[in-house]
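For reference, start19.tsv (TSV, C-alpha atoms):
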chain	number	residue	atom	x	y	z
I	1	MET	CA	0.00	0.00	0.00
I	2	VAL	CA	1.10	3.56	-0.55
I	3	ARG	CA	1.16	4.95	2.98
I	4	GLY	CA	4.02	7.23	3.97
I	5	ALA	CA	3.74	9.75	1.14
I	6	TYR	CA	0.28	10.87	2.06
I	7	LEU	CA	0.17	10.32	5.84
I	8	LEU	CA	-0.18	14.03	6.45
I	9	PHE	CA	-2.99	14.24	3.91
I	10	THR	CA	-4.75	11.32	5.61
I	11	LEU	CA	-4.68	13.05	8.98
I	12	LEU	CA	-6.02	16.27	7.50
I	13	ALA	CA	-8.65	14.50	5.44
I	14	CYS	CA	-10.11	12.41	8.25
I	15	GLY	CA	-12.41	15.21	9.29
I	16	ALA	CA	-13.62	15.73	5.72
I	17	ALA	CA	-14.11	12.02	5.19
I	18	ARG	CA	-16.10	11.72	8.40
I	19	ALA	CA	-18.30	14.53	7.19
I	20	GLN	CA	-19.03	12.48	4.07
I	21	GLU	CA	-19.83	9.30	6.00
I	22	PRO	CA	-23.45	8.46	6.69
I	23	GLY	CA	-24.43	9.64	10.15
I	24	THR	CA	-24.72	6.61	12.39
I	25	ALA	CA	-24.99	8.09	15.90
I	26	GLU	CA	-28.37	6.49	16.61
I	27	ARG	CA	-28.44	3.88	13.90
I	28	PRO	CA	-28.10	0.16	14.62
I	29	THR	CA	-25.13	-2.11	14.05
I	30	VAL	CA	-25.55	-5.59	12.57
I	31	THR	CA	-22.67	-8.08	12.79
I	32	VAL	CA	-22.24	-10.95	10.32
I	33	ARG	CA	-19.72	-13.68	10.98
I	34	GLN	CA	-19.16	-17.23	9.86
I	35	SER	CA	-19.52	-18.52	13.41
I	36	PRO	CA	-21.03	-17.11	16.62
I	37	PRO	CA	-21.10	-14.68	18.29
I	38	ALA	CA	-22.87	-12.57	15.66
I	39	ASP	CA	-26.27	-11.13	14.86
I	40	LEU	CA	-26.35	-13.27	11.72
I	41	VAL	CA	-24.23	-16.30	10.86
I	42	GLY	CA	-23.42	-17.39	7.30
I	43	ALA	CA	-20.87	-17.25	4.50
I	44	ASP	CA	-22.63	-16.07	1.34
I	45	ASP	CA	-24.77	-13.33	-0.17
I	46	LEU	CA	-27.97	-14.64	1.44
I	47	VAL	CA	-26.83	-13.73	4.94
I	48	LEU	CA	-25.40	-10.43	3.68
I	49	LYS	CA	-28.72	-9.53	2.06
I	50	ALA	CA	-30.53	-10.37	5.30
I	51	ALA	CA	-28.15	-8.04	7.13
I	52	CYS	CA	-28.74	-5.26	4.59
I	53	ASP	CA	-32.50	-5.78	4.89
I	54	LYS	CA	-32.27	-5.21	8.65
I	55	LEU	CA	-30.72	-1.82	7.89
I	56	ARG	CA	-32.80	-1.00	4.81
I	57	LYS	CA	-35.04	1.57	6.54
I	58	SER	CA	-32.77	2.95	9.22
I	59	GLY	CA	-29.27	2.70	7.79
I	60	GLY	CA	-26.47	1.88	10.19
I	61	THR	CA	-23.29	-0.19	10.33
I	62	LEU	CA	-22.78	-3.68	8.95
I	63	VAL	CA	-19.70	-5.33	10.42
I	64	LEU	CA	-18.35	-8.23	8.38
I	65	GLY	CA	-16.31	-10.79	10.28
I	66	PRO	CA	-13.24	-12.63	8.97
I	67	GLY	CA	-13.56	-15.25	6.25
I	68	ARG	CA	-14.47	-15.59	2.59
I	69	TYR	CA	-18.07	-14.74	1.70
I	70	VAL	CA	-19.18	-16.06	-1.70
I	71	VAL	CA	-21.43	-13.62	-3.59
I	72	ARG	CA	-23.65	-15.14	-6.31
I	73	ARG	CA	-26.27	-12.36	-6.39
I	74	SER	CA	-25.61	-8.61	-6.40
I	75	LEU	CA	-26.01	-6.94	-3.03
I	76	ILE	CA	-27.96	-3.67	-3.12
I	77	LEU	CA	-26.79	-1.59	-0.19
I	78	PRO	CA	-29.20	0.53	1.84
I	79	ALA	CA	-28.62	4.26	2.15
I	80	ASN	CA	-26.74	5.61	5.16
I	81	LEU	CA	-24.65	2.46	5.48
I	82	VAL	CA	-21.16	1.84	6.79
I	83	LEU	CA	-19.90	-1.57	5.62
I	84	ARG	CA	-16.80	-2.35	7.64
I	85	GLY	CA	-14.71	-5.49	7.47
I	86	GLU	CA	-12.87	-7.02	10.38
I	87	PRO	CA	-9.35	-8.30	9.57
I	88	GLY	CA	-9.58	-11.11	7.00
I	89	ALA	CA	-13.03	-10.21	5.61
I	90	VAL	CA	-13.30	-11.13	1.90
I	91	LEU	CA	-16.17	-10.74	-0.58
I	92	ALA	CA	-15.59	-13.12	-3.49
I	93	LEU	CA	-17.13	-13.58	-6.92
I	94	PRO	CA	-16.74	-17.25	-7.92
I	95	ALA	CA	-14.41	-18.01	-10.80
I	96	PRO	CA	-15.88	-19.14	-14.14
I	97	VAL	CA	-15.55	-22.73	-15.30
I	98	LEU	CA	-15.73	-24.68	-18.58
I	99	THR	CA	-18.36	-27.24	-19.50
I	100	ALA	CA	-17.05	-30.81	-19.55
I	101	GLU	CA	-19.66	-32.18	-21.96
I	102	SER	CA	-21.71	-30.80	-24.83
I	103	ALA	CA	-25.40	-30.03	-24.27
I	104	ALA	CA	-27.98	-30.06	-27.05
I	105	VAL	CA	-30.50	-27.30	-27.72
I	106	GLY	CA	-33.45	-27.74	-25.38
I	107	SER	CA	-31.39	-29.49	-22.72
I	108	LYS	CA	-31.89	-28.38	-19.11
I	109	GLU	CA	-28.60	-29.75	-17.86
I	110	LEU	CA	-24.97	-28.62	-18.01
I	111	VAL	CA	-21.98	-30.65	-16.85
I	112	VAL	CA	-19.04	-28.52	-15.72
I	113	GLY	CA	-15.47	-29.62	-15.15
I	114	GLY	CA	-13.27	-29.25	-12.10
I	115	GLY	CA	-14.00	-27.43	-8.88
I	116	HIS	CA	-16.79	-24.88	-8.89
I	117	GLU	CA	-18.94	-22.78	-6.57
I	118	PHE	CA	-22.31	-22.86	-8.32
I	119	ALA	CA	-25.50	-23.11	-6.28
I	120	GLY	CA	-29.21	-23.37	-6.95
I	121	ASP	CA	-31.61	-20.48	-7.49
I	122	VAL	CA	-29.02	-18.24	-9.16
I	123	LEU	CA	-28.53	-16.77	-12.63
I	124	VAL	CA	-25.49	-17.58	-14.76
I	125	GLN	CA	-24.06	-16.49	-18.09
I	126	ILE	CA	-22.95	-18.99	-20.74
I	127	LEU	CA	-20.46	-18.14	-23.50
I	128	PRO	CA	-18.97	-20.23	-26.33
I	129	PRO	CA	-15.51	-21.78	-25.90
I	130	VAL	CA	-12.43	-19.57	-25.61
I	131	GLY	CA	-11.49	-18.17	-29.02
I	132	THR	CA	-15.01	-18.62	-30.44
I	133	GLN	CA	-17.28	-15.62	-30.91
I	134	PHE	CA	-20.58	-17.42	-31.56
I	135	PHE	CA	-22.35	-20.63	-30.69
I	136	SER	CA	-23.02	-23.08	-33.50
I	137	ASP	CA	-25.96	-21.05	-34.90
I	138	GLY	CA	-23.44	-18.39	-35.96
I	139	VAL	CA	-25.50	-15.63	-34.31
I	140	THR	CA	-25.68	-16.13	-30.55
I	141	GLU	CA	-22.71	-14.67	-28.68
I	142	LYS	CA	-23.88	-15.48	-25.16
I	143	LEU	CA	-26.78	-16.83	-23.16
I	144	GLU	CA	-27.68	-14.36	-20.42
I	145	LEU	CA	-29.66	-14.85	-17.21
I	146	GLN	CA	-29.88	-18.64	-17.27
I	147	LEU	CA	-31.53	-19.74	-14.03
I	148	VAL	CA	-29.86	-22.66	-12.29
I	149	GLU	CA	-32.55	-24.39	-10.21
I	150	ARG	CA	-30.28	-26.83	-8.41
I	151	VAL	CA	-26.78	-28.29	-8.46
I	152	ALA	CA	-25.78	-31.95	-8.02
I	153	GLY	CA	-22.03	-32.43	-8.09
I	154	GLN	CA	-20.82	-31.36	-11.53
I	155	ARG	CA	-24.35	-31.04	-12.96
I	156	LEU	CA	-26.22	-27.75	-13.19
I	157	PHE	CA	-29.97	-28.18	-13.70
I	158	LEU	CA	-31.54	-25.25	-15.55
I	159	HIS	CA	-35.05	-23.86	-15.26
I	160	ASN	CA	-35.38	-23.42	-19.05
I	161	GLY	CA	-34.01	-25.44	-21.93
I	162	LEU	CA	-30.96	-24.15	-23.77
I	163	ALA	CA	-31.73	-21.95	-26.79
I	164	VAL	CA	-28.72	-23.30	-28.75
I	165	ASP	CA	-26.31	-26.21	-28.69
I	166	VAL	CA	-23.63	-25.63	-26.06
I	167	PRO	CA	-20.37	-27.41	-26.91
I	168	ALA	CA	-17.92	-28.82	-24.41
I	169	GLY	CA	-15.45	-26.16	-23.30
I	170	SER	CA	-18.09	-23.43	-23.14
I	171	ARG	CA	-17.64	-20.85	-20.38
I	172	VAL	CA	-20.06	-20.53	-17.46
I	173	GLY	CA	-19.91	-17.82	-14.80
I	174	TYR	CA	-21.62	-15.10	-12.84
I	175	PRO	CA	-21.73	-11.68	-14.60
I	176	LEU	CA	-22.76	-9.63	-11.57
I	177	LYS	CA	-21.50	-6.62	-9.62
I	178	ILE	CA	-20.79	-7.60	-6.01
I	179	LEU	CA	-21.95	-4.35	-4.36
I	180	GLN	CA	-24.31	-1.71	-5.74
I	181	THR	CA	-24.91	1.38	-3.67
I	182	HIS	CA	-28.27	3.03	-3.10
I	183	LYS	CA	-29.16	5.54	-5.81
I	184	ASP	CA	-28.58	8.30	-3.24
I	185	GLY	CA	-25.08	7.00	-2.54
I	186	LEU	CA	-24.53	7.48	1.21
I	187	ALA	CA	-22.23	4.51	1.77
I	188	THR	CA	-18.84	3.98	3.37
I	189	ILE	CA	-17.05	0.72	2.50
I	190	GLU	CA	-13.81	0.00	4.31
I	191	ASN	CA	-11.31	-2.69	5.25
I	192	ILE	CA	-12.63	-5.41	2.90
I	193	ALA	CA	-10.87	-7.54	0.28
I	194	PHE	CA	-12.75	-8.01	-3.01
I	195	GLU	CA	-11.73	-11.07	-5.06
I	196	GLY	CA	-13.05	-11.26	-8.62
I	197	GLY	CA	-12.20	-14.84	-9.61
I	198	ARG	CA	-10.45	-13.87	-12.84
I	199	ILE	CA	-8.62	-16.77	-14.52
I	200	GLU	CA	-6.15	-15.79	-17.21
I	201	SER	CA	-6.99	-18.79	-19.41
I	202	ILE	CA	-10.77	-18.17	-19.28
I	203	PRO	CA	-11.48	-14.67	-20.60
I	204	MET	CA	-14.93	-13.32	-19.69
I	205	PRO	CA	-16.75	-10.03	-20.39
I	206	GLY	CA	-15.88	-7.21	-18.01
I	207	HIS	CA	-16.50	-3.44	-18.10
I	208	SER	CA	-20.06	-3.17	-16.68
I	209	GLN	CA	-20.07	-6.85	-15.70
I	210	ARG	CA	-18.00	-8.58	-13.01
I	211	CYS	CA	-17.27	-5.45	-11.00
I	212	ALA	CA	-16.58	-5.15	-7.29
I	213	ILE	CA	-18.31	-1.86	-6.37
I	214	TRP	CA	-20.81	-0.01	-8.57
I	215	ALA	CA	-22.32	3.35	-7.57
I	216	SER	CA	-24.77	4.98	-9.98
I	217	SER	CA	-27.64	7.42	-9.93
I	218	PRO	CA	-30.01	7.71	-12.93
I	219	PHE	CA	-28.77	9.88	-15.79
I	220	GLY	CA	-29.07	10.38	-19.54
I	221	TYR	CA	-26.14	10.89	-21.88
I	222	GLY	CA	-27.36	14.21	-23.29
I	223	GLU	CA	-28.47	17.19	-21.25
I	224	GLU	CA	-30.77	15.09	-19.10
I	225	LEU	CA	-29.95	14.15	-15.50
I	226	LEU	CA	-32.73	12.00	-14.10
I	227	GLY	CA	-32.79	13.17	-10.51
I	228	PRO	CA	-30.20	14.22	-7.93
I	229	PRO	CA	-26.72	12.70	-7.92
I	230	GLY	CA	-25.53	10.12	-5.43
I	231	ARG	CA	-23.45	11.59	-2.62
I	232	GLY	CA	-20.84	10.66	-0.13
I	233	VAL	CA	-19.60	7.29	-1.38
I	234	VAL	CA	-16.36	6.50	0.48
I	235	VAL	CA	-14.17	3.47	-0.29
I	236	ARG	CA	-11.00	3.14	1.72
I	237	HIS	CA	-8.39	0.64	2.82
I	238	CYS	CA	-9.84	-2.11	0.62
I	239	ARG	CA	-8.06	-4.61	-1.64
I	240	PHE	CA	-9.32	-5.50	-5.14
I	241	SER	CA	-7.73	-8.41	-6.97
I	242	ASP	CA	-8.37	-10.48	-10.12
I	243	TRP	CA	-11.34	-8.65	-11.67
I	244	TYR	CA	-12.64	-8.96	-15.23
I	245	GLY	CA	-14.50	-5.64	-14.87
I	246	ARG	CA	-13.86	-2.52	-12.81
I	247	GLY	CA	-12.69	-2.41	-9.24
I	248	VAL	CA	-14.76	0.69	-8.39
I	249	ALA	CA	-17.11	2.31	-10.94
I	250	LEU	CA	-18.89	5.60	-10.16
I	251	TYR	CA	-21.61	7.26	-12.26
I	252	TYR	CA	-23.26	10.59	-11.48
I	253	GLN	CA	-21.80	10.73	-7.97
I	254	VAL	CA	-20.50	13.74	-6.06
I	255	GLU	CA	-18.46	14.50	-2.95
I	256	GLY	CA	-16.82	11.15	-2.29
I	257	LEU	CA	-13.46	9.57	-1.58
I	258	ILE	CA	-11.42	6.54	-2.67
I	259	GLU	CA	-8.41	6.31	-0.43
I	260	GLY	CA	-5.62	3.95	0.50
I	261	CYS	CA	-6.81	0.97	-1.57
I	262	LEU	CA	-4.82	-1.66	-3.47
I	263	PHE	CA	-5.91	-2.77	-6.95
I	264	GLU	CA	-4.14	-5.64	-8.69
I	265	ARG	CA	-4.72	-7.70	-11.82
I	266	ILE	CA	-7.74	-5.81	-13.17
I	267	SER	CA	-8.78	-6.46	-16.80
I	268	ASP	CA	-10.60	-3.11	-17.07
I	269	GLU	CA	-10.38	0.10	-15.04
I	270	ALA	CA	-9.18	-0.07	-11.47
I	271	ILE	CA	-10.92	3.20	-10.54
I	272	ASP	CA	-13.51	4.69	-12.88
I	273	LEU	CA	-14.96	8.18	-12.38
I	274	ASP	CA	-17.59	8.07	-15.08
I	275	HIS	CA	-20.31	10.33	-16.44
I	276	PHE	CA	-20.97	13.45	-14.38
I	277	VAL	CA	-18.89	12.55	-11.33
I	278	GLU	CA	-17.78	15.71	-9.51
I	279	HIS	CA	-15.83	16.66	-6.41
I	280	PHE	CA	-14.28	13.25	-5.78
I	281	ARG	CA	-10.87	12.66	-4.24
I	282	ILE	CA	-8.79	9.69	-5.42
I	283	VAL	CA	-5.93	9.66	-2.93
I	284	GLY	CA	-3.08	7.36	-1.99
I	285	ASN	CA	-4.15	4.25	-3.87
I	286	GLU	CA	-1.84	1.66	-5.39
I	287	VAL	CA	-2.72	0.11	-8.76
I	288	ARG	CA	-0.78	-2.81	-10.21
I	289	ASP	CA	-1.45	-4.43	-13.56
I	290	ALA	CA	-4.80	-2.86	-14.48
I	291	LYS	CA	-5.61	-2.23	-18.15
I	292	TRP	CA	-6.44	1.37	-17.23
I	293	GLY	CA	-5.37	2.55	-13.79
I	294	ILE	CA	-7.50	5.61	-13.00
I	295	THR	CA	-10.05	6.90	-15.51
I	296	LEU	CA	-11.98	10.17	-15.58
I	297	ASN	CA	-14.64	9.85	-18.29
I	298	ASP	CA	-16.75	13.02	-18.33
I	299	ALA	CA	-15.81	13.68	-14.70
I	300	SER	CA	-15.04	17.16	-13.39
I	301	ARG	CA	-13.70	19.13	-10.45
I	302	SER	CA	-12.06	16.08	-8.88
I	303	VAL	CA	-8.62	15.49	-7.41
I	304	VAL	CA	-6.32	12.55	-8.25
I	305	GLU	CA	-3.22	12.70	-6.07
I	306	TYR	CA	-0.56	10.62	-4.34
I	307	ASN	CA	-1.48	7.45	-6.23
I	308	HIS	CA	1.04	4.90	-7.50
I	309	VAL	CA	0.13	3.17	-10.78
I	310	GLN	CA	2.24	0.36	-12.22
I	311	GLY	CA	1.73	-1.32	-15.62
I	312	GLY	CA	-1.31	-1.46	-17.91
I	313	GLU	CA	-2.09	0.49	-21.07
I	314	VAL	CA	-2.68	3.97	-19.60
I	315	GLY	CA	-1.93	4.91	-16.00
I	316	ILE	CA	-4.22	7.94	-15.59
I	317	ARG	CA	-6.51	8.96	-18.40
I	318	MET	CA	-9.25	11.49	-19.03
I	319	PHE	CA	-11.59	11.36	-22.01
I	320	TRP	CA	-14.91	12.50	-23.43
I	321	TRP	CA	-17.62	10.02	-24.46
I	322	LYS	CA	-19.09	10.86	-27.85
I	323	GLU	CA	-22.73	10.63	-26.72
I	324	VAL	CA	-22.37	13.13	-23.89
I	325	LEU	CA	-23.72	16.53	-24.97
I	326	ARG	CA	-23.73	18.21	-21.59
I	327	LYS	CA	-21.31	21.11	-21.16
I	328	GLY	CA	-19.02	21.59	-18.21
I	329	VAL	CA	-17.62	18.06	-18.08
I	330	ASN	CA	-13.98	16.90	-18.29
I	331	GLU	CA	-12.79	20.14	-16.73
I	332	GLU	CA	-11.18	21.54	-13.59
I	333	ASN	CA	-9.70	18.24	-12.49
I	334	LEU	CA	-6.40	18.26	-10.60
I	335	ILE	CA	-3.87	15.45	-11.23
I	336	ARG	CA	-0.80	15.83	-9.06
I	337	HIS	CA	1.88	14.05	-7.03
I	338	ASN	CA	1.24	10.67	-8.65
I	339	VAL	CA	3.83	8.07	-9.69
I	340	VAL	CA	3.05	6.22	-12.94
I	341	ARG	CA	5.41	3.51	-14.16
I	342	GLY	CA	5.42	0.92	-16.91
I	343	SER	CA	2.30	1.95	-18.86
I	344	HIS	CA	2.41	0.64	-22.44
I	345	GLU	CA	0.62	3.51	-24.24
I	346	ALA	CA	0.80	6.59	-22.02
I	347	ALA	CA	1.42	7.39	-18.39
I	348	ILE	CA	-1.04	10.31	-18.26
I	349	GLN	CA	-3.42	11.05	-21.11
I	350	LEU	CA	-5.93	13.89	-21.57
I	351	GLY	CA	-8.09	13.48	-24.69
I	352	ILE	CA	-10.16	15.83	-26.82
I	353	LYS	CA	-12.75	18.04	-25.11
I	354	CYS	CA	-10.86	17.79	-21.83
I	355	SER	CA	-10.10	21.38	-20.82
I	356	ARG	CA	-9.02	23.59	-17.93
I	357	ASN	CA	-7.44	20.73	-16.02
I	358	VAL	CA	-4.18	20.90	-14.07
I	359	VAL	CA	-1.45	18.22	-14.27
I	360	GLU	CA	1.54	18.90	-12.02
I	361	TYR	CA	4.23	17.38	-9.82
I	362	ASN	CA	3.79	13.86	-11.17
I	363	TYR	CA	6.60	11.35	-11.74
I	364	TYR	CA	6.07	9.21	-14.80
I	365	GLU	CA	7.66	6.79	-17.22
I	366	GLY	CA	6.65	6.98	-20.88
I	367	GLU	CA	4.44	9.68	-22.30
I	368	LEU	CA	2.29	12.50	-20.99
I	369	THR	CA	-0.14	13.43	-23.78
I	370	VAL	CA	-2.60	16.33	-23.81
I	371	ALA	CA	-4.95	16.97	-26.74
I	372	GLU	CA	-6.31	20.43	-25.85
I	373	PRO	CA	-4.15	23.55	-25.34
I	374	ASP	CA	-6.17	25.11	-22.51
I	375	ASN	CA	-4.94	22.73	-19.82
I	376	THR	CA	-2.25	23.68	-17.32
I	377	ILE	CA	0.72	21.33	-17.44
I	378	GLY	CA	3.02	22.23	-14.59
I	379	VAL	CA	6.28	20.68	-13.49
I	380	ASN	CA	6.20	16.91	-14.05
I	381	THR	CA	9.24	14.65	-13.94
I	382	ARG	CA	9.85	11.98	-16.54
I	383	LEU	CA	11.49	9.07	-14.76
I	384	GLU	CA	13.80	7.93	-17.56
I	385	THR	CA	15.95	10.99	-16.89
I	386	ARG	CA	16.06	10.74	-13.08
I	387	ARG	CA	15.44	7.08	-12.36
I	388	ALA	CA	18.13	6.69	-9.68
I	389	SER	CA	17.05	9.66	-7.55
I	390	VAL	CA	13.25	9.37	-7.66
I	391	PRO	CA	11.54	7.98	-4.54
I	392	GLU	CA	8.96	5.19	-4.75
I	393	THR	CA	6.24	7.65	-3.78
I	394	PRO	CA	6.25	11.43	-4.17
I	395	ASP	CA	7.42	13.56	-1.27
I	396	ARG	CA	4.92	15.81	0.42

Can you give me the file's structure in the form of structure tokens?
Amino acid sequence: MVRGAYLLFTLLACGAARAQEPGTAERPTVTVRQSPPADLVGADDLVLKAACDKLRKSGGTLVLGPGRYVVRRSLILPANLVLRGEPGAVLALPAPVLTAESAAVGSKELVVGGGHEFAGDVLVQILPPVGTQFFSDGVTEKLELQLVERVAGQRLFLHNGLAVDVPAGSRVGYPLKILQTHKDGLATIENIAFEGGRIESIPMPGHSQRCAIWASSPFGYGEELLGPPGRGVVVRHCRFSDWYGRGVALYYQVEGLIEGCLFERISDEAIDLDHFVEHFRIVGNEVRDAKWGITLNDASRSVVEYNHVQGGEVGIRMFWWKEVLRKGVNEENLIRHNVVRGSHEAAIQLGIKCSRNVVEYNYYEGELTVAEPDNTIGVNTRLETRRASVPETPDR
């Protein structure tokens, strides 16, 4: 974790972060553990949903005890929630598997190979074998929302018959987001490990699927915003590893914080500030081997500082999405005091229609590219020229 370089910032920011946290002075606490003592005992999403339901009206604190909790259904968090892990608390999305036998169209049974974590009464996604775009009909790319009624050993029994032939070696997995915040935001998530089950030899769709944390309020791409934004989402001191999709994805959220987290082996974006995010702080995180480290896509007036990004295609990037017509986006962001190493395409990249941003005091390997002239590019240090004297993290 990147700690020392932003210790002073952490101390100063604690008061601001607490102001963003949901007020919990008179709200209840529910404890979930895998063995007593606890308010609820279990090890999967069913017990976690029951805990959330207890706090659905009042909000409060959900304390998650140590152990690995398997999530097969997305958890919708209540508003005004603090989700806090005790040491060793892990939320895990099961890894995908391959089918061991072919299944004919109309069949209600799949045989999978090897170890798996499928259970009954859950929805799965089925894709053709690795390297194949379509099933045998030449049209169908994937079978979504296939209900598994029950599981017996290696056999998955489906509620409905298969719409196409499914050959042996087809991929089966869960496409869900582990946590989704309330549309109003109002959530603090801290001290939890999120494991995404990514297997290098079994590629699966990511981006908006197979994500750890998803926070979104309703919006339209043009001028239309469909209600107030979500507020006060705080994610700190969490670990995200082996994800096909994003680690944290934020849409139409304001006044939040992602701090002191570790992201590793992410096939998509580690941290994604997406459409209409404003006034977020992305501080002191470490990103290793993510395709895109930190992305600002139509986000504005946010601060990205004291992060350490290693590997991937682009370390820190900002870009405009072609369907967004709203003015005042992709501007007034501050990117400073970050270290970006080993990115294949660019260390820091500001695309077209990204204006009035400030990029300063960063250390980087590779390229710093800026498409628009009305950005402020201050003093940044390219590491190839000062490799021996540059610290691992920037000095305060």

Enclose all atoms of stretch 95-112 of chain I listed in the file in an axis-aligned box, grow every side by 3 Å, and hand back centre and edge lengths in Å to one decimal, as lines of an AutoDock Vina configuration file.
center_x = -23.9
center_y = -25.1
center_z = -19.3
size_x = 25.0
size_y = 20.2
size_z = 22.9

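Ranking I:Gly342, I:Pro128, I:Pro167, I:Gly138 by their shortest atom-to-atom distance to I:Ile202, with all atoms listed in the file included, puts I:Pro128 first.
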
### Task
Might you pull out every residue within 8 Å of I:Ser58, with all atoms listed in the file counted and same-chain residues fewer than 4 positions away left off, and present them as a ChimeraX atom specification?
/I:27-28,80

Deliver the residues from the most recent selection as a file, using C-alpha atoms, as a PDB file, in the coordinates of the input.
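As a result, out_25.pdb now contains:
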ATOM      1  CA  ARG I  27     -28.440   3.880  13.900  1.00  0.00           C
ATOM      2  CA  PRO I  28     -28.100   0.160  14.620  1.00  0.00           C
ATOM      3  CA  ASN I  80     -26.740   5.610   5.160  1.00  0.00           C
TER       4      ASN I  80
END

### Task
Tell me which protein, DNA and RNA residues are within 7 Å of stretch 171-184 of chain I, counting all atoms listed in the file, leaving out same-chain ones fewer than 6 positions away, and put them as a PyMOL selection string.
chain I and resi 71-79+95-99+124-129+209-217+229-231

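The closest residue to I:Tyr69, picked from I:Glu149, I:Ala51, I:His159, I:Phe194 and counting all atoms listed in the file, is I:Phe194.
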
### Message
Quick one: residues within 12 Å of stretch 375-386 of chain I, all atoms listed in the file, excluding same-chain residues fewer than 4 positions away - as a count of residues only?
### Response
43

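Among the candidates I:Ser170, I:Asn285, I:Thr31, I:Asn160, the residue lying nearest to I:Phe134 is I:Ser170 (atoms considered: only C-alpha atoms).
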
### Task
Can you pull out every residue within 8 Å of I:Pro66, counting all atoms listed in the file, but drop anything in the same chain fewer than 2 positions away, and send it as a list in words?
Arg33, Gln34, Leu64, Arg68, Gly85, Glu86, Pro87, Gly88, Ala89 and Val90 of chain I

List the spatial neighbours of I:Thr140 as a tab-separated table (two decimals) with C-alpha atoms, keeping the file's coordinate frame - criterion: any atom at most 12 Å away, all atoms listed in the file, same-chain residues fewer than 4 positions off excluded.
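Done, and the output landed in result-v3.tsv:
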chain	number	residue	atom	x	y	z
I	126	ILE	CA	-22.95	-18.99	-20.74
I	127	LEU	CA	-20.46	-18.14	-23.50
I	128	PRO	CA	-18.97	-20.23	-26.33
I	132	THR	CA	-15.01	-18.62	-30.44
I	133	GLN	CA	-17.28	-15.62	-30.91
I	134	PHE	CA	-20.58	-17.42	-31.56
I	135	PHE	CA	-22.35	-20.63	-30.69
I	136	SER	CA	-23.02	-23.08	-33.50
I	144	GLU	CA	-27.68	-14.36	-20.42
I	162	LEU	CA	-30.96	-24.15	-23.77
I	163	ALA	CA	-31.73	-21.95	-26.79
I	164	VAL	CA	-28.72	-23.30	-28.75
I	165	ASP	CA	-26.31	-26.21	-28.69
I	166	VAL	CA	-23.63	-25.63	-26.06

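In terms of minimum interatomic distance to I:Met204, I:Tyr244 ranks closest within I:Trp320, I:Tyr306, I:Tyr244, I:Tyr252, counting all atoms listed in the file.
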
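One finds atom CA of I:Ser35 at 9.9 Å from atom CA of I:Gly67.
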
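If only C-alpha atoms are the atoms counted, then among I:Leu273, I:Val30, I:Val324, I:Ala249 the closest residue to I:Arg84 is I:Val30.
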
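Of note, atom CA of I:Lys57 and atom CA of I:Ala187 are spaced 14.0 Å apart.
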
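Note that the spacing between atom CA of I:Asp268 and atom CA of I:Arg246 amounts to 5.4 Å.
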